[in-house]
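> File follows, target.pdb with PDB, C-alpha atoms, pLDDT in the B column:
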```pdb
MODEL        1
ATOM      1  CA  MET E1155     110.470  81.568  10.936  1.00 57.00           C
ATOM      2  CA  GLN E1156     108.433  84.759  10.762  1.00 71.00           C
ATOM      3  CA  GLN E1157     104.763  84.972  11.504  1.00 71.00           C
ATOM      4  CA  PRO E1158     102.800  88.115  10.689  1.00 74.00           C
ATOM      5  CA  PRO E1159     100.479  89.409  13.394  1.00 71.00           C
ATOM      6  CA  SER E1160      96.781  88.785  13.082  1.00 79.00           C
ATOM      7  CA  TRP E1161      94.295  91.515  12.107  1.00 83.00           C
ATOM      8  CA  THR E1162      93.033  91.443  15.703  1.00 81.00           C
ATOM      9  CA  ALA E1163      96.171  93.390  16.624  1.00 83.00           C
ATOM     10  CA  ILE E1164      94.243  96.512  15.619  1.00 89.00           C
ATOM     11  CA  PHE E1165      92.022  95.986  18.660  1.00 91.00           C
ATOM     12  CA  TYR E1166      94.284  94.146  21.093  1.00 91.00           C
ATOM     13  CA  PHE E1167      97.371  96.388  20.961  1.00 93.00           C
ATOM     14  CA  PRO E1168      95.567  99.656  21.809  1.00 94.00           C
ATOM     15  CA  ALA E1169      93.621  97.890  24.568  1.00 94.00           C
ATOM     16  CA  GLY E1170      96.898  96.583  26.010  1.00 94.00           C
ATOM     17  CA  ILE E1171      98.485 100.026  25.825  1.00 96.00           C
ATOM     18  CA  ILE E1172      95.505 101.644  27.554  1.00 96.00           C
ATOM     19  CA  MET E1173      95.526  98.999  30.282  1.00 94.00           C
ATOM     20  CA  SER E1174      99.271  99.469  30.781  1.00 95.00           C
ATOM     21  CA  LEU E1175      98.913 103.245  30.976  1.00 96.00           C
ATOM     22  CA  LEU E1176      96.055 103.084  33.477  1.00 95.00           C
ATOM     23  CA  SER E1177      97.849 100.677  35.776  1.00 94.00           C
ATOM     24  CA  ALA E1178     101.166 102.546  35.499  1.00 94.00           C
ATOM     25  CA  ALA E1179      99.487 105.864  36.296  1.00 96.00           C
ATOM     26  CA  GLY E1180      97.640 104.391  39.275  1.00 95.00           C
ATOM     27  CA  LEU E1181     100.709 102.647  40.654  1.00 92.00           C
ATOM     28  CA  GLY E1182     102.860 105.720  40.003  1.00 93.00           C
ATOM     29  CA  LEU E1183     100.475 108.026  41.844  1.00 94.00           C
ATOM     30  CA  LEU E1184     100.188 105.639  44.766  1.00 93.00           C
ATOM     31  CA  LEU E1185     103.920 105.015  45.087  1.00 90.00           C
ATOM     32  CA  ALA E1186     104.769 108.709  44.680  1.00 89.00           C
ATOM     33  CA  ALA E1187     102.415 109.676  47.499  1.00 90.00           C
ATOM     34  CA  LEU E1188     103.689 106.857  49.710  1.00 89.00           C
ATOM     35  CA  ASN E1189     107.297 107.793  49.004  1.00 87.00           C
ATOM     36  CA  VAL E1190     106.731 111.411  50.033  1.00 85.00           C
ATOM     37  CA  LYS E1191     104.654 110.597  53.095  1.00 83.00           C
ATOM     38  CA  PHE E1192     106.806 107.772  54.423  1.00 84.00           C
ATOM     39  CA  ARG E1193     110.509 108.536  54.002  1.00 81.00           C
ATOM     40  CA  ASP E1194     111.667 104.938  54.528  1.00 86.00           C
ATOM     41  CA  PHE E1195     109.349 103.657  51.808  1.00 84.00           C
ATOM     42  CA  ARG E1196     111.986 104.339  49.160  1.00 85.00           C
ATOM     43  CA  TYR E1197     114.083 101.478  50.549  1.00 90.00           C
ATOM     44  CA  ALA E1198     111.224  99.001  50.180  1.00 88.00           C
ATOM     45  CA  LEU E1199     110.297 100.253  46.715  1.00 85.00           C
ATOM     46  CA  PRO E1200     112.924  98.272  44.712  1.00 88.00           C
ATOM     47  CA  PHE E1201     111.910  95.065  46.483  1.00 90.00           C
ATOM     48  CA  LEU E1202     108.232  95.741  45.779  1.00 84.00           C
ATOM     49  CA  LEU E1203     108.897  96.442  42.104  1.00 83.00           C
ATOM     50  CA  GLN E1204     110.970  93.246  41.828  1.00 87.00           C
ATOM     51  CA  VAL E1205     108.088  91.211  43.258  1.00 85.00           C
ATOM     52  CA  LEU E1206     105.654  92.838  40.824  1.00 80.00           C
ATOM     53  CA  PHE E1207     108.033  92.116  37.952  1.00 81.00           C
ATOM     54  CA  PHE E1208     108.226  88.422  38.782  1.00 81.00           C
ATOM     55  CA  ALA E1209     104.448  88.282  39.286  1.00 78.00           C
ATOM     56  CA  SER E1210     104.018  89.254  35.635  1.00 81.00           C
ATOM     57  CA  GLN E1211     103.954  86.332  33.226  1.00 80.00           C
ATOM     58  CA  VAL E1212     106.299  87.665  30.560  1.00 80.00           C
ATOM     59  CA  ILE E1213     108.104  84.407  29.813  1.00 77.00           C
ATOM     60  CA  TYR E1214     105.255  81.906  30.106  1.00 75.00           C
ATOM     61  CA  PRO E1215     101.617  82.218  28.991  1.00 73.00           C
ATOM     62  CA  LEU E1216      98.994  82.336  31.705  1.00 74.00           C
ATOM     63  CA  GLN E1217      97.195  79.407  30.054  1.00 74.00           C
ATOM     64  CA  SER E1218     100.093  77.169  31.071  1.00 78.00           C
ATOM     65  CA  VAL E1219      99.188  77.571  34.764  1.00 79.00           C
ATOM     66  CA  GLN E1220      97.105  74.528  35.676  1.00 81.00           C
ATOM     67  CA  GLN E1221      95.561  75.580  39.008  1.00 83.00           C
ATOM     68  CA  SER E1222      92.622  77.869  38.309  1.00 81.00           C
ATOM     69  CA  LEU E1223      92.826  79.574  41.708  1.00 85.00           C
ATOM     70  CA  PHE E1224      96.492  80.460  41.148  1.00 84.00           C
ATOM     71  CA  LYS E1225      95.691  81.601  37.606  1.00 83.00           C
ATOM     72  CA  TYR E1226      93.036  84.018  38.863  1.00 86.00           C
ATOM     73  CA  LEU E1227      95.348  85.193  41.633  1.00 86.00           C
ATOM     74  CA  LEU E1228      97.968  86.035  39.008  1.00 85.00           C
ATOM     75  CA  ALA E1229      95.280  87.775  36.938  1.00 86.00           C
ATOM     76  CA  ILE E1230      94.887  90.421  39.660  1.00 90.00           C
ATOM     77  CA  ASN E1231      98.174  91.878  38.430  1.00 89.00           C
ATOM     78  CA  PRO E1232      96.941  94.258  35.692  1.00 90.00           C
ATOM     79  CA  MET E1233     100.096  93.812  33.626  1.00 91.00           C
ATOM     80  CA  ASN E1234      99.245  90.142  33.106  1.00 90.00           C
ATOM     81  CA  ALA E1235      96.091  91.121  31.228  1.00 91.00           C
ATOM     82  CA  ALA E1236      98.017  93.674  29.174  1.00 92.00           C
ATOM     83  CA  ILE E1237     100.637  91.050  28.304  1.00 91.00           C
ATOM     84  CA  GLU E1238      97.867  88.650  27.291  1.00 90.00           C
ATOM     85  CA  LEU E1239      96.438  91.332  25.001  1.00 91.00           C
ATOM     86  CA  PHE E1240      99.855  91.980  23.441  1.00 90.00           C
ATOM     87  CA  ARG E1241     100.547  88.264  23.021  1.00 88.00           C
ATOM     88  CA  ALA E1242      97.188  87.269  21.494  1.00 87.00           C
ATOM     89  CA  PRO E1243      97.665  88.585  17.922  1.00 87.00           C
ATOM     90  CA  LEU E1244     101.189  87.194  17.741  1.00 84.00           C
ATOM     91  CA  THR E1245     100.257  83.666  18.776  1.00 82.00           C
ATOM     92  CA  SER E1246      96.779  83.511  17.179  1.00 78.00           C
ATOM     93  CA  ILE E1247      95.378  82.246  20.486  1.00 81.00           C
ATOM     94  CA  SER E1248      92.400  84.216  21.735  1.00 85.00           C
ATOM     95  CA  PRO E1249      92.935  85.582  25.253  1.00 86.00           C
ATOM     96  CA  ASP E1250      90.831  84.423  28.182  1.00 86.00           C
ATOM     97  CA  ILE E1251      88.154  87.080  28.658  1.00 92.00           C
ATOM     98  CA  THR E1252      87.949  86.356  32.391  1.00 91.00           C
ATOM     99  CA  ILE E1253      91.652  87.111  32.812  1.00 90.00           C
ATOM    100  CA  ILE E1254      91.264  90.314  30.808  1.00 93.00           C
ATOM    101  CA  ALA E1255      88.212  91.394  32.837  1.00 95.00           C
ATOM    102  CA  ILE E1256      89.984  90.751  36.159  1.00 94.00           C
ATOM    103  CA  GLY E1257      93.019  92.692  34.933  1.00 93.00           C
ATOM    104  CA  ALA E1258      90.886  95.587  33.688  1.00 95.00           C
ATOM    105  CA  CYS E1259      89.016  95.783  36.997  1.00 96.00           C
ATOM    106  CA  SER E1260      92.247  95.731  38.983  1.00 95.00           C
ATOM    107  CA  SER E1261      93.793  98.330  36.663  1.00 95.00           C
ATOM    108  CA  ILE E1262      90.853 100.705  37.063  1.00 96.00           C
ATOM    109  CA  SER E1263      90.688 100.134  40.815  1.00 96.00           C
ATOM    110  CA  LEU E1264      94.446 100.726  41.103  1.00 95.00           C
ATOM    111  CA  LEU E1265      94.033 104.005  39.223  1.00 96.00           C
ATOM    112  CA  ILE E1266      91.146 105.090  41.462  1.00 97.00           C
ATOM    113  CA  ILE E1267      92.984 104.130  44.659  1.00 96.00           C
ATOM    114  CA  GLY E1268      96.168 105.869  43.508  1.00 95.00           C
ATOM    115  CA  LEU E1269      94.298 109.002  42.474  1.00 96.00           C
ATOM    116  CA  LEU E1270      92.286 109.188  45.696  1.00 96.00           C
ATOM    117  CA  TYR E1271      95.306 108.607  47.918  1.00 95.00           C
ATOM    118  CA  PHE E1272      97.396 111.122  45.997  1.00 93.00           C
ATOM    119  CA  ARG E1273      94.643 113.750  46.215  1.00 93.00           C
ATOM    120  CA  LYS E1274      94.238 113.047  49.932  1.00 92.00           C
ATOM    121  CA  THR E1275      97.933 113.434  50.738  1.00 89.00           C
ATOM    122  CA  GLU E1276      99.014 116.100  48.234  1.00 85.00           C
ATOM    123  CA  ALA E1277      98.155 118.937  50.623  1.00 82.00           C
ATOM    124  CA  TYR E1278     100.888 117.695  52.961  1.00 78.00           C
ATOM    125  CA  PHE E1279     103.638 117.379  50.323  1.00 77.00           C
ATOM    126  CA  ALA E1280     105.078 120.851  50.786  1.00 71.00           C
ATOM    127  CA  ASP E1281     105.140 120.402  54.573  1.00 61.00           C
ATOM    128  CA  LEU E1282     107.089 117.140  54.352  1.00 52.00           C
ATOM    129  CA  ALA E1283     109.737 118.219  51.839  1.00 50.00           C
TER     130      ALA E1283
ENDMDL
END
```
Mind turning the file's structure into structure tokens?

Amino acid sequence: MQQPPSWTAIFYFPAGIIMSLLSAAGLGLLLAALNVKFRDFRYALPFLLQVLFFASQVIYPLQSVQQSLFKYLLAINPMNAAIELFRAPLTSISPDITIIAIGACSSISLLIIGLLYFRKTEAYFADLA
């Protein structure tokens, strides 16, 4: 059975892409600076990425989580909001605006933290290599 996406995909898909790009850039900057500054961090990096992968609700919708505290704790992961935005036009269920707002705030804060930490430590990169 095929279901065409809703017209809201025009708005939701670009918003999901922007949120994914912001969070990926912030996390990439932060992890790159940490990896250069702390040499042993590269061994913990695969474990950290695995935890972040399983904290994203790719298989199940976030609306299926019954406990509201756990739902908002999962919403801190910015990829959950992006996945909700990608899923909304395909399922014709409007996304929870609170989840999207929490994800957008955490995505922007992750970008700011990553950018500030990278700028703070980039002067030492040549000395450590």
> Would you translate the PyMOL selection byres ((chain E and resi 1244-1256) around 8) into the concrete set of residues it matches in this file, as an mmCIF file with C-alpha atoms, in the frame of the given file?

```
data_model
loop_
_atom_site.group_PDB
_atom_site.id
_atom_site.type_symbol
_atom_site.label_atom_id
_atom_site.label_comp_id
_atom_site.auth_asym_id
_atom_site.auth_seq_id
_atom_site.Cartn_x
_atom_site.Cartn_y
_atom_site.Cartn_z
ATOM 1 C CA GLN E 1157 104.763 84.972 11.504
ATOM 2 C CA PRO E 1158 102.800 88.115 10.689
ATOM 3 C CA PRO E 1159 100.479 89.409 13.394
ATOM 4 C CA SER E 1160 96.781 88.785 13.082
ATOM 5 C CA TYR E 1226 93.036 84.018 38.863
ATOM 6 C CA ALA E 1229 95.280 87.775 36.938
ATOM 7 C CA ILE E 1230 94.887 90.421 39.660
ATOM 8 C CA PRO E 1232 96.941 94.258 35.692
ATOM 9 C CA ALA E 1235 96.091 91.121 31.228
ATOM 10 C CA ALA E 1236 98.017 93.674 29.174
ATOM 11 C CA GLU E 1238 97.867 88.650 27.291
ATOM 12 C CA LEU E 1239 96.438 91.332 25.001
ATOM 13 C CA PHE E 1240 99.855 91.980 23.441
ATOM 14 C CA ARG E 1241 100.547 88.264 23.021
ATOM 15 C CA ALA E 1242 97.188 87.269 21.494
ATOM 16 C CA PRO E 1243 97.665 88.585 17.922
ATOM 17 C CA GLY E 1257 93.019 92.692 34.933
ATOM 18 C CA ALA E 1258 90.886 95.587 33.688
ATOM 19 C CA CYS E 1259 89.016 95.783 36.997
ATOM 20 C CA SER E 1260 92.247 95.731 38.983
#
```
> Could you state the separation of CA of Ile1171 (chain E) and CA of Val1190 (chain E) in Å, given to one decimal place?
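Atom-to-atom, CA of Ile1171 (chain E) and CA of Val1190 (chain E) are spaced 28.0 Å apart.
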> Give me the residues within 10 Å of region 1265-1279 of chain E as a CSV table (one decimal) with C-alpha atoms, keeping the file's coordinate frame, counting all atoms listed in the file and dropping any in the same chain fewer than 2 places off.

```
chain,number,residue,atom,x,y,z
E,1175,LEU,CA,98.9,103.2,31.0
E,1176,LEU,CA,96.1,103.1,33.5
E,1177,SER,CA,97.8,100.7,35.8
E,1178,ALA,CA,101.2,102.5,35.5
E,1179,ALA,CA,99.5,105.9,36.3
E,1180,GLY,CA,97.6,104.4,39.3
E,1181,LEU,CA,100.7,102.6,40.7
E,1182,GLY,CA,102.9,105.7,40.0
E,1183,LEU,CA,100.5,108.0,41.8
E,1184,LEU,CA,100.2,105.6,44.8
E,1185,LEU,CA,103.9,105.0,45.1
E,1186,ALA,CA,104.8,108.7,44.7
E,1187,ALA,CA,102.4,109.7,47.5
E,1188,LEU,CA,103.7,106.9,49.7
E,1190,VAL,CA,106.7,111.4,50.0
E,1191,LYS,CA,104.7,110.6,53.1
E,1259,CYS,CA,89.0,95.8,37.0
E,1260,SER,CA,92.2,95.7,39.0
E,1261,SER,CA,93.8,98.3,36.7
E,1262,ILE,CA,90.9,100.7,37.1
E,1263,SER,CA,90.7,100.1,40.8
E,1281,ASP,CA,105.1,120.4,54.6
E,1282,LEU,CA,107.1,117.1,54.4
E,1283,ALA,CA,109.7,118.2,51.8
```
> One decimal, Å: what's the distance from CA of Met1233 (chain E) over to CA of Pro1215 (chain E), could you say?
12.6 Å
> As an exercise, work out the distance from CA of Ser1218 (chain E) to CA of Ile1237 (chain E) in Å and give it to one decimal place.
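One can read the CA of Ser1218 (chain E) to CA of Ile1237 (chain E) distance as 14.2 Å.
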> Return as lines of an AutoDock Vina configuration file the centre and edge lengths, in Å with one decimal, of the box along x, y and z that encloses every atom of region 1256-1270 of chain E in the file, padded by 4 Å per side.

```
center_x = 92.6
center_y = 100.0
center_z = 39.7
size_x = 15.2
size_y = 26.4
size_z = 20.0
```
> Please work out which residues fall within 12 Å of (104.8, 88.7, 38.6), coordinates as given in the file, with all atoms listed in the file counting, and return them as a short mmCIF file (atom, residue, chain, number, x, y, z; two decimals) with C-alpha atoms, in the coordinates of the input.

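Writing done, so here's part.cif:
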```
data_model
loop_
_atom_site.label_atom_id
_atom_site.label_comp_id
_atom_site.auth_asym_id
_atom_site.auth_seq_id
_atom_site.Cartn_x
_atom_site.Cartn_y
_atom_site.Cartn_z
CA LEU E 1202 108.23 95.74 45.78
CA LEU E 1203 108.90 96.44 42.10
CA GLN E 1204 110.97 93.25 41.83
CA VAL E 1205 108.09 91.21 43.26
CA LEU E 1206 105.65 92.84 40.82
CA PHE E 1207 108.03 92.12 37.95
CA PHE E 1208 108.23 88.42 38.78
CA ALA E 1209 104.45 88.28 39.29
CA SER E 1210 104.02 89.25 35.64
CA GLN E 1211 103.95 86.33 33.23
CA VAL E 1212 106.30 87.66 30.56
CA ILE E 1213 108.10 84.41 29.81
CA TYR E 1214 105.26 81.91 30.11
CA LEU E 1216 98.99 82.34 31.70
CA PHE E 1224 96.49 80.46 41.15
CA LYS E 1225 95.69 81.60 37.61
CA LEU E 1227 95.35 85.19 41.63
CA LEU E 1228 97.97 86.04 39.01
CA ALA E 1229 95.28 87.78 36.94
CA ILE E 1230 94.89 90.42 39.66
CA ASN E 1231 98.17 91.88 38.43
CA PRO E 1232 96.94 94.26 35.69
CA MET E 1233 100.10 93.81 33.63
CA ASN E 1234 99.24 90.14 33.11
CA ALA E 1235 96.09 91.12 31.23
CA ILE E 1237 100.64 91.05 28.30
#
```
